[in-house]
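Reproduced below: model_28.cif, with mmCIF, C-alpha atoms and all ligand atoms.
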```cif
data_entry
#
loop_
_atom_site.label_atom_id
_atom_site.label_comp_id
_atom_site.auth_asym_id
_atom_site.auth_seq_id
_atom_site.Cartn_x
_atom_site.Cartn_y
_atom_site.Cartn_z
CA MET A 312 -15.21 19.29 17.35
CA GLU A 313 -16.14 16.50 19.73
CA THR A 314 -14.65 13.15 18.77
CA LEU A 315 -16.70 10.12 19.82
CA LEU A 316 -14.63 7.08 20.76
CA PHE A 317 -15.87 3.54 20.13
CA ASP A 318 -14.65 0.00 20.66
CA ALA A 319 -15.58 -2.44 17.87
CA LYS A 320 -16.06 -5.15 20.51
CA ASN A 321 -19.02 -3.27 22.02
CA GLU A 322 -22.46 -3.89 20.62
CA GLY A 323 -23.80 -1.07 18.44
CA SER A 324 -20.40 0.58 17.83
CA VAL A 325 -20.06 -0.47 14.22
CA GLU A 326 -23.64 0.69 13.49
CA ALA A 327 -23.01 4.05 15.16
CA VAL A 328 -19.85 4.65 13.11
CA ALA A 329 -21.59 3.52 9.90
CA ASN A 330 -24.37 6.06 10.61
CA ILE A 331 -21.90 8.89 11.18
CA LEU A 332 -20.31 8.07 7.81
CA LYS A 333 -23.66 7.78 6.03
CA ASN A 334 -24.54 11.25 7.32
CA GLY A 335 -21.42 12.89 5.89
CA GLY A 336 -19.16 12.56 8.95
CA LEU A 337 -15.52 11.52 9.32
CA ALA A 338 -14.38 8.42 11.21
CA ALA A 339 -11.04 6.71 11.74
CA ILE A 340 -11.52 2.98 11.25
CA PRO A 341 -9.24 -0.06 11.50
CA THR A 342 -8.12 -1.99 8.42
CA GLU A 343 -5.57 -4.78 8.14
CA THR A 344 -2.95 -2.39 6.70
CA VAL A 345 -3.18 0.80 8.78
CA TYR A 346 -6.10 2.78 10.26
CA GLY A 347 -8.00 4.78 7.64
CA LEU A 348 -9.73 8.16 7.93
CA ALA A 349 -13.02 7.44 6.20
CA ALA A 350 -15.83 9.43 4.59
CA ASN A 351 -18.51 8.77 1.97
CA ALA A 352 -16.54 8.53 -1.31
CA PHE A 353 -19.49 10.00 -3.29
CA ASP A 354 -19.80 13.04 -1.01
CA ALA A 355 -17.48 15.82 -2.21
CA GLU A 356 -17.91 17.86 0.95
CA ALA A 357 -17.19 14.94 3.27
CA CYS A 358 -14.08 14.07 1.24
CA ALA A 359 -12.93 17.69 1.33
CA ASN A 360 -13.17 17.42 5.13
CA ILE A 361 -10.72 14.47 5.07
CA PHE A 362 -8.09 16.72 3.47
CA ARG A 363 -8.80 19.41 6.07
CA ALA A 364 -8.65 17.06 9.08
CA LYS A 365 -5.34 15.53 7.99
CA GLY A 366 -3.75 18.67 6.56
CA ARG A 367 -3.36 16.64 3.36
CA PRO A 368 -2.34 18.43 0.14
CA GLY A 369 -5.36 18.60 -2.20
CA ASP A 370 -3.48 16.98 -5.08
CA ASN A 371 -2.99 13.70 -3.20
CA PRO A 372 -5.95 11.44 -4.10
CA LEU A 373 -7.82 9.12 -1.72
CA ILE A 374 -8.31 5.35 -1.88
CA VAL A 375 -11.93 4.21 -2.16
CA HIS A 376 -12.81 1.18 -0.01
CA ILE A 377 -15.48 -1.35 -0.96
CA CYS A 378 -16.95 -4.47 0.65
CA ASP A 379 -18.10 -6.24 -2.47
CA THR A 380 -16.79 -6.23 -6.08
CA ALA A 381 -20.37 -5.43 -7.20
CA MET A 382 -19.78 -1.93 -5.76
CA LEU A 383 -17.16 -1.36 -8.46
CA SER A 384 -19.74 -0.65 -11.16
CA GLU A 385 -20.50 2.73 -9.59
CA ILE A 386 -16.85 3.63 -9.01
CA VAL A 387 -14.90 2.67 -12.13
CA SER A 388 -15.81 2.95 -15.80
CA GLU A 389 -13.76 -0.14 -16.72
CA PHE A 390 -12.61 -3.26 -14.84
CA PRO A 391 -9.55 -4.42 -16.83
CA GLU A 392 -8.83 -8.13 -17.27
CA GLY A 393 -5.56 -8.01 -15.25
CA ALA A 394 -7.31 -6.23 -12.40
CA LYS A 395 -10.03 -8.90 -12.42
CA ARG A 396 -7.46 -11.65 -12.07
CA LEU A 397 -5.74 -9.85 -9.19
CA ALA A 398 -9.10 -9.24 -7.50
CA GLU A 399 -9.91 -12.94 -7.67
CA LYS A 400 -6.65 -13.82 -5.99
CA TYR A 401 -5.99 -10.97 -3.55
CA TRP A 402 -9.32 -9.31 -2.70
CA PRO A 403 -10.31 -8.88 0.04
CA GLY A 404 -6.80 -7.92 1.04
CA PRO A 405 -4.04 -5.28 1.16
CA LEU A 406 -4.07 -4.48 -2.56
CA THR A 407 -5.21 -1.21 -4.15
CA MET A 408 -5.90 -1.03 -7.88
CA ILE A 409 -6.12 2.16 -9.92
CA MET A 410 -8.64 2.20 -12.74
CA LYS A 411 -10.52 4.75 -14.86
CA LYS A 412 -13.05 6.48 -12.64
CA SER A 413 -16.80 6.74 -13.08
CA GLU A 414 -18.64 10.08 -13.19
CA LYS A 415 -19.98 9.41 -9.70
CA ILE A 416 -16.58 9.84 -8.05
CA PRO A 417 -16.16 13.55 -7.27
CA ASP A 418 -12.98 15.32 -8.40
CA VAL A 419 -11.99 16.05 -4.83
CA THR A 420 -11.80 12.28 -4.09
CA SER A 421 -9.50 11.55 -7.04
CA ALA A 422 -7.69 14.90 -6.68
CA GLY A 423 -8.77 15.81 -10.21
CA LEU A 424 -7.31 12.67 -11.81
CA PRO A 425 -9.34 10.71 -14.39
CA SER A 426 -8.58 7.54 -12.39
CA VAL A 427 -9.57 6.25 -8.97
CA ALA A 428 -7.81 3.95 -6.48
CA VAL A 429 -9.94 1.09 -5.12
CA ARG A 430 -9.36 -1.41 -2.33
CA PHE A 431 -11.46 -4.21 -0.82
CA PRO A 432 -10.11 -4.52 2.75
CA ALA A 433 -10.06 -7.86 4.57
CA HIS A 434 -10.48 -6.45 8.09
CA PRO A 435 -13.87 -7.60 9.45
CA VAL A 436 -14.59 -4.27 11.18
CA ALA A 437 -13.81 -2.23 8.04
CA ARG A 438 -15.98 -4.53 5.94
CA GLU A 439 -18.87 -4.40 8.37
CA ILE A 440 -18.75 -0.60 8.54
CA ILE A 441 -18.81 -0.29 4.73
CA GLU A 442 -21.61 -2.84 4.53
CA LYS A 443 -23.72 -1.11 7.18
CA ALA A 444 -23.07 2.35 5.73
CA GLY A 445 -24.00 1.01 2.28
CA ILE A 446 -21.56 3.33 0.51
CA PRO A 447 -17.94 3.10 -0.62
CA LEU A 448 -15.60 4.87 1.79
CA ALA A 449 -12.76 7.13 0.70
CA ALA A 450 -10.01 6.67 3.28
CA PRO A 451 -6.38 7.72 3.37
CA SER A 452 -4.26 6.73 6.36
CA ALA A 453 -5.65 8.21 9.60
CA ASN A 454 -2.55 10.19 10.55
CA LEU A 455 -1.83 13.89 10.33
CA SER A 456 -0.02 14.54 7.06
CA GLY A 457 3.71 14.08 7.62
CA SER A 458 3.33 11.68 10.60
CA PRO A 459 3.83 7.93 10.35
CA SER A 460 0.71 5.97 9.38
CA PRO A 461 -1.28 4.84 12.45
CA THR A 462 -1.35 1.14 13.26
CA THR A 463 -3.14 1.38 16.63
CA PHE A 464 -6.19 3.16 18.07
CA GLU A 465 -3.85 5.20 20.29
CA HIS A 466 -1.95 6.50 17.24
CA CYS A 467 -5.29 7.73 15.83
CA THR A 468 -6.40 9.47 19.02
CA HIS A 469 -2.94 11.06 19.28
CA ASP A 470 -3.22 12.57 15.79
CA LEU A 471 -6.94 13.17 15.30
CA MET A 472 -8.68 13.90 18.63
CA GLY A 473 -10.93 16.94 18.09
CA ARG A 474 -10.46 16.82 14.30
CA VAL A 475 -12.87 13.99 13.33
CA ASP A 476 -16.36 12.83 14.38
CA ALA A 477 -15.38 9.34 15.55
CA ILE A 478 -12.53 6.90 16.10
CA ILE A 479 -13.22 3.19 16.51
CA ASP A 480 -10.82 0.78 18.16
CA GLY A 481 -10.33 -2.49 16.27
CA GLY A 482 -7.00 -3.50 17.78
CA SER A 483 -3.60 -3.17 16.12
CA CYS A 484 -3.18 -3.61 12.39
CA SER A 485 -1.69 -6.95 11.37
CA VAL A 486 -0.03 -5.87 8.10
CA GLY A 487 1.32 -2.58 9.41
CA VAL A 488 2.24 -0.87 6.11
CA GLU A 489 -0.19 0.69 3.64
CA SER A 490 -1.58 -1.34 0.74
CA THR A 491 0.32 -2.30 -2.37
CA ILE A 492 -0.81 0.06 -5.17
CA ILE A 493 -0.87 -1.08 -8.80
CA SER A 494 -2.14 1.12 -11.61
CA PHE A 495 -4.22 -0.12 -14.53
CA ALA A 496 -4.89 3.42 -15.70
CA GLY A 497 -2.22 3.31 -18.43
CA GLU A 498 -1.15 0.84 -21.13
CA LYS A 499 0.75 -1.49 -18.82
CA PRO A 500 0.33 -2.32 -15.11
CA VAL A 501 2.67 -0.25 -12.94
CA LEU A 502 3.55 -0.82 -9.29
CA LEU A 503 3.24 2.58 -7.63
CA ARG A 504 3.67 1.58 -4.00
CA PRO A 505 5.00 -1.73 -2.62
CA GLY A 506 3.12 -3.41 0.22
CA TYR A 507 2.27 -6.76 1.75
CA ILE A 508 1.19 -8.17 -1.65
CA THR A 509 4.63 -8.37 -3.20
CA LEU A 510 5.91 -7.48 -6.66
CA GLU A 511 6.77 -11.16 -7.07
CA GLN A 512 3.12 -12.13 -6.38
CA LEU A 513 1.82 -9.51 -8.84
CA CYS A 514 4.20 -10.76 -11.55
CA GLU A 515 2.98 -14.32 -11.00
CA VAL A 516 -0.54 -13.27 -11.94
CA LEU A 517 0.19 -10.61 -14.58
CA GLY A 518 3.51 -11.63 -16.10
CA GLU A 519 5.39 -8.38 -16.31
CA VAL A 520 4.81 -5.42 -13.98
CA GLU A 521 6.63 -2.13 -14.38
CA VAL A 522 7.95 -0.59 -11.17
CA SER A 523 7.57 3.17 -10.84
CA HIS A 524 11.00 4.64 -10.23
CA ALA A 525 9.52 6.62 -7.31
CA VAL A 526 9.38 3.31 -5.36
CA LEU A 527 13.12 3.28 -4.77
CA GLU A 528 14.47 6.61 -5.94
CA LYS A 529 14.19 10.21 -4.94
CA LEU A 530 12.14 12.32 -7.33
CA GLU A 531 13.55 15.33 -9.11
CA GLU A 532 12.26 18.71 -7.97
CA GLY A 533 8.91 19.34 -9.73
CA GLU A 534 8.91 15.91 -11.45
CA LYS A 535 5.46 14.72 -12.54
CA VAL A 536 4.54 11.38 -10.98
CA LEU A 537 1.86 8.74 -11.50
CA SER A 538 1.15 8.56 -7.77
CA PRO A 539 1.06 12.04 -6.26
CA GLY A 540 1.59 10.66 -2.74
CA MET A 541 5.09 9.57 -3.71
CA LYS A 542 6.35 13.11 -4.02
CA TYR A 543 5.77 13.98 -0.38
CA LYS A 544 8.36 13.23 2.27
CA HIS A 545 5.93 11.05 4.24
CA TYR A 546 6.82 9.42 7.51
CA ALA A 547 9.38 12.04 8.46
CA PRO A 548 10.60 11.54 12.03
CA LYS A 549 11.85 14.50 14.06
CA ALA A 550 15.33 13.01 14.27
CA GLN A 551 17.75 12.85 11.36
CA VAL A 552 17.65 9.28 10.08
CA THR A 553 20.34 7.53 8.04
CA LEU A 554 19.64 4.16 6.48
CA ILE A 555 22.55 1.73 6.85
CA LYS A 556 22.87 -1.05 4.29
CA ALA A 557 25.13 -3.63 5.88
CA SER A 558 25.29 -7.09 7.42
CA SER A 559 24.26 -7.28 11.10
CA GLU A 560 27.89 -7.51 12.09
CA ASP A 561 29.00 -4.45 10.12
CA TYR A 562 25.91 -2.48 11.21
CA ILE A 563 26.59 -3.14 14.91
CA LYS A 564 30.25 -2.20 14.51
CA PHE A 565 29.38 1.03 12.65
CA VAL A 566 26.74 2.16 15.16
CA ASN A 567 28.92 1.40 18.19
CA GLU A 568 31.74 3.42 16.63
CA HIS A 569 29.35 6.36 16.15
CA ALA A 570 27.76 6.26 19.63
CA GLY A 571 27.07 9.62 21.29
CA LYS A 572 24.45 11.82 22.90
CA GLY A 573 21.03 11.57 21.20
CA VAL A 574 22.18 8.74 18.92
CA PHE A 575 19.68 5.89 18.50
CA ALA A 576 19.62 2.65 16.57
CA LEU A 577 16.49 1.52 14.71
CA CYS A 578 17.45 -2.11 14.45
CA PHE A 579 16.29 -5.71 14.29
CA ASP A 580 15.36 -7.56 17.52
CA GLU A 581 18.47 -9.75 17.42
CA GLU A 582 20.84 -6.75 17.28
CA ALA A 583 19.61 -4.64 20.21
CA LYS A 584 21.61 -6.32 22.96
CA MET A 585 24.88 -5.88 21.04
CA LEU A 586 24.49 -2.12 20.62
CA VAL A 587 25.86 0.46 23.07
CA VAL A 588 23.37 3.19 22.05
CA SER A 589 19.62 3.38 22.86
CA THR A 590 17.63 1.14 20.56
CA VAL A 591 14.16 0.84 19.06
CA THR A 592 13.53 -2.49 17.35
CA TYR A 593 11.21 -3.22 14.44
CA GLY A 594 11.02 -7.01 14.27
CA SER A 595 13.22 -10.00 13.62
CA LYS A 596 15.84 -9.80 10.89
CA PHE A 597 14.43 -13.09 9.60
CA SER A 598 10.83 -11.86 9.13
CA ASP A 599 9.93 -9.11 6.64
CA ALA A 600 6.25 -9.48 7.67
CA GLN A 601 7.17 -8.64 11.27
CA GLN A 602 9.28 -5.69 10.13
CA ALA A 603 6.28 -4.34 8.17
CA GLU A 604 3.98 -4.85 11.15
CA HIS A 605 6.17 -2.82 13.51
CA ILE A 606 7.93 -0.18 11.39
CA PHE A 607 5.46 2.69 11.89
CA GLU A 608 5.10 2.05 15.61
CA ALA A 609 8.91 2.07 15.83
CA LEU A 610 9.09 5.40 13.98
CA ARG A 611 6.59 6.90 16.42
CA LYS A 612 8.65 5.58 19.36
CA ILE A 613 11.73 7.24 17.88
CA ASP A 614 9.85 10.55 17.79
CA GLU A 615 8.81 10.21 21.42
CA SER A 616 12.32 9.20 22.53
CA GLY A 617 13.89 12.58 21.82
CA ALA A 618 16.45 10.94 19.50
CA GLU A 619 18.48 13.38 17.45
CA LYS A 620 20.37 11.03 15.16
CA VAL A 621 19.11 7.61 14.13
CA PHE A 622 21.00 4.86 12.35
CA ALA A 623 18.35 2.56 10.85
CA HIS A 624 19.39 -0.90 9.72
CA SER A 625 18.05 -1.35 6.20
CA PRO A 626 15.70 -4.26 5.49
CA LYS A 627 16.17 -6.37 2.36
CA ALA A 628 14.50 -4.63 -0.58
CA SER A 629 12.61 -7.71 -1.80
CA GLY A 630 9.35 -9.47 -0.90
CA ILE A 631 7.47 -7.56 1.82
CA GLY A 632 10.85 -6.03 2.65
CA LEU A 633 10.52 -3.82 -0.45
CA ALA A 634 7.55 -2.12 1.25
CA VAL A 635 9.50 -1.58 4.48
CA TYR A 636 12.52 -0.30 2.56
CA ASN A 637 10.31 2.10 0.55
CA ARG A 638 8.92 3.64 3.80
CA LEU A 639 12.27 3.78 5.60
CA ILE A 640 14.20 5.37 2.76
CA ARG A 641 11.62 8.18 2.79
CA ALA A 642 11.89 8.53 6.57
CA ALA A 643 15.63 8.85 5.98
CA GLY A 644 15.13 11.50 3.29
CA PHE A 645 17.14 9.16 1.00
CA ASP A 646 20.23 9.44 3.19
CA VAL A 647 21.89 6.03 2.81
CA ILE A 648 25.28 4.61 3.84
CA GLU A 649 26.33 1.35 2.27
CA ILE A 650 29.00 -0.60 4.14
P1 LIG A 701 -2.84 6.83 1.70
O1 LIG A 701 -4.27 6.46 1.59
O2 LIG A 701 -2.55 7.90 2.68
O3 LIG A 701 -2.06 5.59 1.89
O4 LIG A 701 -2.45 7.40 0.28
C1 LIG A 701 -3.04 6.94 -0.89
C2 LIG A 701 -2.01 6.79 -1.96
O5 LIG A 701 -2.67 6.37 -3.15
C3 LIG A 701 -1.28 8.07 -2.31
O6 LIG A 701 0.09 7.80 -2.49
C4 LIG A 701 -1.93 8.49 -3.60
O7 LIG A 701 -1.08 9.27 -4.40
C5 LIG A 701 -2.28 7.16 -4.24
N1 LIG A 701 -3.41 7.28 -5.17
C6 LIG A 701 -4.72 7.37 -4.85
N2 LIG A 701 -5.47 7.51 -5.96
C7 LIG A 701 -4.63 7.50 -7.00
C8 LIG A 701 -4.80 7.61 -8.41
N3 LIG A 701 -6.00 7.77 -8.97
N4 LIG A 701 -3.69 7.57 -9.19
C9 LIG A 701 -2.47 7.40 -8.63
N5 LIG A 701 -2.25 7.31 -7.31
C10 LIG A 701 -3.30 7.35 -6.50
MG MG A 702 -0.90 8.13 4.10
#
```
As structure tokens, please, write out the structure in this file.
Amino acid sequence: METLLFDAKNEGSVEAVANILKNGGLAAIPTETVYGLAANAFDAEACANIFRAKGRPGDNPLIVHICDTAMLSEIVSEFPEGAKRLAEKYWPGPLTMIMKKSEKIPDVTSAGLPSVAVRFPAHPVAREIIEKAGIPLAAPSANLSGSPSPTTFEHCTHDLMGRVDAIIDGGSCSVGVESTIISFAGEKPVLLRPGYITLEQLCEVLGEVEVSHAVLEKLEEGEKVLSPGMKYKHYAPKAQVTLIKASSEDYIKFVNEHAGKGVFALCFDEEAKMLVVSTVTYGSKFSDAQQAEHIFEALRKIDESGAEKVFAHSPKASGIGLAVYNRLIRAAGFDVIEI
């Protein structure tokens, strides 16, 4: 398949991509979290093509993107009170809410679940494309299944050239990790995936929020989960990654003692010059927002570096750091050393 490449800065690009989507095509588009691989959320065939292009397991549902809360009426059968309050505060933004789905959402989009995930992105290009297409867009991250989520146009072309109809460049993603996911499909709100909108911020609006144990812990073989995506070992680098929970001082000492061929450190900016092994940095140790912004790019760099063994310095598991920790512990296959 020929993949058309666009730049959002050029006149007519957004319209061209919106038309491709309206006509049942697939396009990778920028959002503030990561790039998404979009298709018409109401078109079962187009959504089935998303799964094919990514190599995504069919039981992992897609997030439906809107550009106006009025669009919700066709997507969900109920808009719960708590979800309304969160929407007022955090939409448009990096927050996905799961609600009971309407009949109009095909089973392939929700992977057969009675619920649907909805997000109203803040990125101007994403919003304009949805607006111009005039339909909600189902869009998972625009990476091949098993690769880190793409945060630049180049990541998308690397993974999806020849597999989708179009890719549009909207610059690099400012948030860098996928959206926070909260479910309103059950009795109580449950945090299924941490992101830039923090657990602390959700609790401020809702009072109590349950945290799915899949956020921090490894699932048992065959365990049933609320969020099917959690059971896959996403973001798996080629190298063997171990997450090191330690102070900067202890981390540096540990890594330098374990230096050797093919050993890399995935560390904070401030630590690189003190390490005797090759390093890839993912932001300042003082900024969890920066760590989120750079983590996926850093994981891709690790893959390209030929690293065999990676010691990753663990971020703090609170605030936005909880999102970074959640992605890294999966990249490490839950292999953790606490010093
Ligand atoms: P991605 O778009 O690649 O970031 O993945 C979307 C995530 O949302 C996956 O982890 C899915 O399991 C989750 N998700 C989407 N729809 C639902 C739903 N109806 N119920 C629970 N989780 C969902
Ligand atoms: Mg994904």
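For Val387 (chain A), the non-local neighbours within 10 Å, defined as residues at least 6 positions apart in the same chain or in other chains and counting all atoms listed in the file, are Ile409, Met410, Lys411, Lys412, Ser413, Glu414, Lys415, Ile416, Ser426, Val427, Ala428 and Val429 of chain A.
All residues, whether protein, DNA or RNA, that have an atom at most 7 Å from ligand MG 702 (chain A) (counting all atoms listed in the file) are A:Pro451, A:Ser452, A:Asn454, A:Ser460.
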Of the candidates A:Ala496, A:Ala359, A:Ile508, A:Ala339, which shows the shortest atom-to-atom distance to ligand LIG 701 (chain A), using all atoms listed in the file?
A:Ala496
With the cut-off set at 10 Å and counting all atoms listed in the file, tabulate each residue of chain A with an atom at most that distance from an atom of ligand LIG 701 (chain A), showing the nearest atom pair and its distance in Å to one decimal, ordered by chain and increasing number, as JSON lines.
```
{"residue": "A:Thr344", "atom": "CA", "partner": "A:LIG701", "partner_atom": "O3", "distance": 9.4}
{"residue": "A:Val345", "atom": "CA", "partner": "A:LIG701", "partner_atom": "O3", "distance": 8.5}
{"residue": "A:Tyr346", "atom": "CA", "partner": "A:LIG701", "partner_atom": "O1", "distance": 9.6}
{"residue": "A:Gly347", "atom": "CA", "partner": "A:LIG701", "partner_atom": "O1", "distance": 7.3}
{"residue": "A:Leu348", "atom": "CA", "partner": "A:LIG701", "partner_atom": "O1", "distance": 8.5}
{"residue": "A:Ala349", "atom": "CA", "partner": "A:LIG701", "partner_atom": "O1", "distance": 9.9}
{"residue": "A:Lys365", "atom": "CA", "partner": "A:LIG701", "partner_atom": "O2", "distance": 9.7}
{"residue": "A:Arg367", "atom": "CA", "partner": "A:LIG701", "partner_atom": "O2", "distance": 8.8}
{"residue": "A:Asp370", "atom": "CA", "partner": "A:LIG701", "partner_atom": "O7", "distance": 8.1}
{"residue": "A:Asn371", "atom": "CA", "partner": "A:LIG701", "partner_atom": "O7", "distance": 5.0}
{"residue": "A:Pro372", "atom": "CA", "partner": "A:LIG701", "partner_atom": "C6", "distance": 4.3}
{"residue": "A:Leu373", "atom": "CA", "partner": "A:LIG701", "partner_atom": "C6", "distance": 4.7}
{"residue": "A:Ile374", "atom": "CA", "partner": "A:LIG701", "partner_atom": "C6", "distance": 5.1}
{"residue": "A:Val375", "atom": "CA", "partner": "A:LIG701", "partner_atom": "N2", "distance": 8.2}
{"residue": "A:Thr407", "atom": "CA", "partner": "A:LIG701", "partner_atom": "O5", "distance": 8.1}
{"residue": "A:Met408", "atom": "CA", "partner": "A:LIG701", "partner_atom": "C7", "distance": 8.7}
{"residue": "A:Ile409", "atom": "CA", "partner": "A:LIG701", "partner_atom": "N3", "distance": 5.7}
{"residue": "A:Met410", "atom": "CA", "partner": "A:LIG701", "partner_atom": "N3", "distance": 7.2}
{"residue": "A:Lys411", "atom": "CA", "partner": "A:LIG701", "partner_atom": "N3", "distance": 8.0}
{"residue": "A:Lys412", "atom": "CA", "partner": "A:LIG701", "partner_atom": "N3", "distance": 8.1}
{"residue": "A:Thr420", "atom": "CA", "partner": "A:LIG701", "partner_atom": "N2", "distance": 8.1}
{"residue": "A:Ser421", "atom": "CA", "partner": "A:LIG701", "partner_atom": "N3", "distance": 5.5}
{"residue": "A:Ala422", "atom": "CA", "partner": "A:LIG701", "partner_atom": "N3", "distance": 7.7}
{"residue": "A:Gly423", "atom": "CA", "partner": "A:LIG701", "partner_atom": "N3", "distance": 8.6}
{"residue": "A:Leu424", "atom": "CA", "partner": "A:LIG701", "partner_atom": "N3", "distance": 5.8}
{"residue": "A:Pro425", "atom": "CA", "partner": "A:LIG701", "partner_atom": "N3", "distance": 7.0}
{"residue": "A:Ser426", "atom": "CA", "partner": "A:LIG701", "partner_atom": "N3", "distance": 4.3}
{"residue": "A:Val427", "atom": "CA", "partner": "A:LIG701", "partner_atom": "N3", "distance": 3.9}
{"residue": "A:Ala428", "atom": "CA", "partner": "A:LIG701", "partner_atom": "N2", "distance": 4.3}
{"residue": "A:Val429", "atom": "CA", "partner": "A:LIG701", "partner_atom": "N2", "distance": 7.9}
{"residue": "A:Ala449", "atom": "CA", "partner": "A:LIG701", "partner_atom": "O1", "distance": 8.6}
{"residue": "A:Ala450", "atom": "CA", "partner": "A:LIG701", "partner_atom": "O1", "distance": 6.0}
{"residue": "A:Pro451", "atom": "CA", "partner": "A:LIG701", "partner_atom": "O1", "distance": 3.0}
{"residue": "A:Ser452", "atom": "CA", "partner": "A:LIG701", "partner_atom": "O2", "distance": 4.2}
{"residue": "A:Ala453", "atom": "CA", "partner": "A:LIG701", "partner_atom": "O2", "distance": 7.6}
{"residue": "A:Asn454", "atom": "CA", "partner": "A:LIG701", "partner_atom": "O2", "distance": 8.2}
{"residue": "A:Leu455", "atom": "CA", "partner": "A:LIG701", "partner_atom": "O2", "distance": 9.7}
{"residue": "A:Ser456", "atom": "CA", "partner": "A:LIG701", "partner_atom": "O2", "distance": 8.3}
{"residue": "A:Pro459", "atom": "CA", "partner": "A:LIG701", "partner_atom": "O2", "distance": 10.0}
{"residue": "A:Ser460", "atom": "CA", "partner": "A:LIG701", "partner_atom": "O2", "distance": 7.7}
{"residue": "A:Val488", "atom": "CA", "partner": "A:LIG701", "partner_atom": "O3", "distance": 8.8}
{"residue": "A:Glu489", "atom": "CA", "partner": "A:LIG701", "partner_atom": "O3", "distance": 5.5}
{"residue": "A:Ser490", "atom": "CA", "partner": "A:LIG701", "partner_atom": "O3", "distance": 7.0}
{"residue": "A:Thr491", "atom": "CA", "partner": "A:LIG701", "partner_atom": "O5", "distance": 9.2}
{"residue": "A:Ile492", "atom": "CA", "partner": "A:LIG701", "partner_atom": "O5", "distance": 6.9}
{"residue": "A:Ile493", "atom": "CA", "partner": "A:LIG701", "partner_atom": "C9", "distance": 8.6}
{"residue": "A:Ser494", "atom": "CA", "partner": "A:LIG701", "partner_atom": "C9", "distance": 7.0}
{"residue": "A:Phe495", "atom": "CA", "partner": "A:LIG701", "partner_atom": "N4", "distance": 9.4}
{"residue": "A:Ala496", "atom": "CA", "partner": "A:LIG701", "partner_atom": "N4", "distance": 7.8}
{"residue": "A:Leu503", "atom": "CA", "partner": "A:LIG701", "partner_atom": "N5", "distance": 7.3}
{"residue": "A:Arg504", "atom": "CA", "partner": "A:LIG701", "partner_atom": "O6", "distance": 7.3}
{"residue": "A:Val536", "atom": "CA", "partner": "A:LIG701", "partner_atom": "C9", "distance": 8.4}
{"residue": "A:Leu537", "atom": "CA", "partner": "A:LIG701", "partner_atom": "C9", "distance": 5.4}
{"residue": "A:Ser538", "atom": "CA", "partner": "A:LIG701", "partner_atom": "N5", "distance": 3.7}
{"residue": "A:Pro539", "atom": "CA", "partner": "A:LIG701", "partner_atom": "O7", "distance": 4.0}
{"residue": "A:Gly540", "atom": "CA", "partner": "A:LIG701", "partner_atom": "O6", "distance": 3.2}
{"residue": "A:Met541", "atom": "CA", "partner": "A:LIG701", "partner_atom": "O6", "distance": 5.4}
{"residue": "A:Lys542", "atom": "CA", "partner": "A:LIG701", "partner_atom": "O6", "distance": 8.4}
{"residue": "A:Tyr543", "atom": "CA", "partner": "A:LIG701", "partner_atom": "O6", "distance": 8.7}
{"residue": "A:His545", "atom": "CA", "partner": "A:LIG701", "partner_atom": "O2", "distance": 9.2}
```
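You can rank A:Lys395, A:His524, A:His466, A:Arg474 by their closest distance to Leu337 (chain A) using all atoms listed in the file, and at the top of that list sits A:Arg474.
Taking CA of Ser324 (chain A) and CA of Gly445 (chain A) as the two end points, the separation is 16.0 Å.
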Would you list the contacts of Lys320 (chain A) as a PyMOL selection string, taking every protein, DNA or RNA residue within 10 Å and counting only C-alpha atoms, but skipping same-chain residues closer than 3 positions in sequence?
chain A and resi 317+323-325+436+479-482
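Near Gly404 (chain A), within a cut-off of 7 Å and counting only C-alpha atoms, sit the residues Phe431, Pro432 and Ala433 of chain A, with same-chain residues fewer than 4 positions away left out.
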The selected residues should be written to file as a PDB file, in the frame of the given file (atoms: C-alpha atoms).
```
ATOM      1  CA  PHE A 431     -11.460  -4.210  -0.820  1.00  0.00           C
ATOM      2  CA  PRO A 432     -10.110  -4.520   2.750  1.00  0.00           C
ATOM      3  CA  ALA A 433     -10.060  -7.860   4.570  1.00  0.00           C
TER       4      ALA A 433
END
```
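Excluding region 587-597 of chain A itself and any same-chain residue fewer than 4 positions from it, the protein and nucleic acid residues within 7 Å of it, counting only C-alpha atoms, are Asn567, Ala570, Val574, Phe575, Ala576, Leu577, Cys578, Phe579, Asp580, Glu581, Ala583, Gln601, Gln602, His605, Ile606, Ala609 and Ile613 of chain A.
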Compare A:Pro403, A:Gly366, A:Gly573, A:Gly506 by their minimum atom-to-atom distance to Gln551 (chain A), counting all atoms listed in the file, and give me the closest one.
A:Gly573
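The coordinates place CA of Lys443 (chain A) at 12.3 Å from CA of Asp379 (chain A).
Within the 12 Å cut-off around Ala327 (chain A), using all atoms listed in the file and omitting residues fewer than 3 positions from it on the same chain, the listed residues are Leu315, Leu316, Phe317, Asp318, Ala319, Asn321, Glu322, Gly323, Ser324, Asn330, Ile331, Leu332, Lys333, Asn334, Gly336, Ala338, Glu439, Ile440, Lys443, Ala444, Asp476, Ala477, Ile478 and Ile479 of chain A.
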Residue with the minimum atom-to-atom distance to Leu383 (chain A), picked from A:Pro435, A:Gly335, A:Pro447, A:Gly533 with all atoms listed in the file counted, is A:Pro447
With all atoms listed in the file as the atoms that count, which of A:Leu397, A:Ile340, A:Ala600, A:Ala352 lies nearest to Gly518 (chain A)?
A:Leu397
d(CA of Phe622 (chain A), CA of Ala603 (chain A)) in Å
17.9 Å
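You can rank A:Phe607, A:Phe390, A:Phe565, A:Trp402 by their closest distance to Cys484 (chain A) using only C-alpha atoms, and at the top of that list sits A:Phe607.
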Using 8 Å of padding on each side, determine the axis-aligned box around all atoms of region 327-330 of chain A present in the file and give its centre and edge lengths in Å to one decimal, as lines of an AutoDock Vina configuration file.
```
center_x = -22.1
center_y = 4.8
center_z = 12.5
size_x = 20.5
size_y = 18.5
size_z = 21.3
```
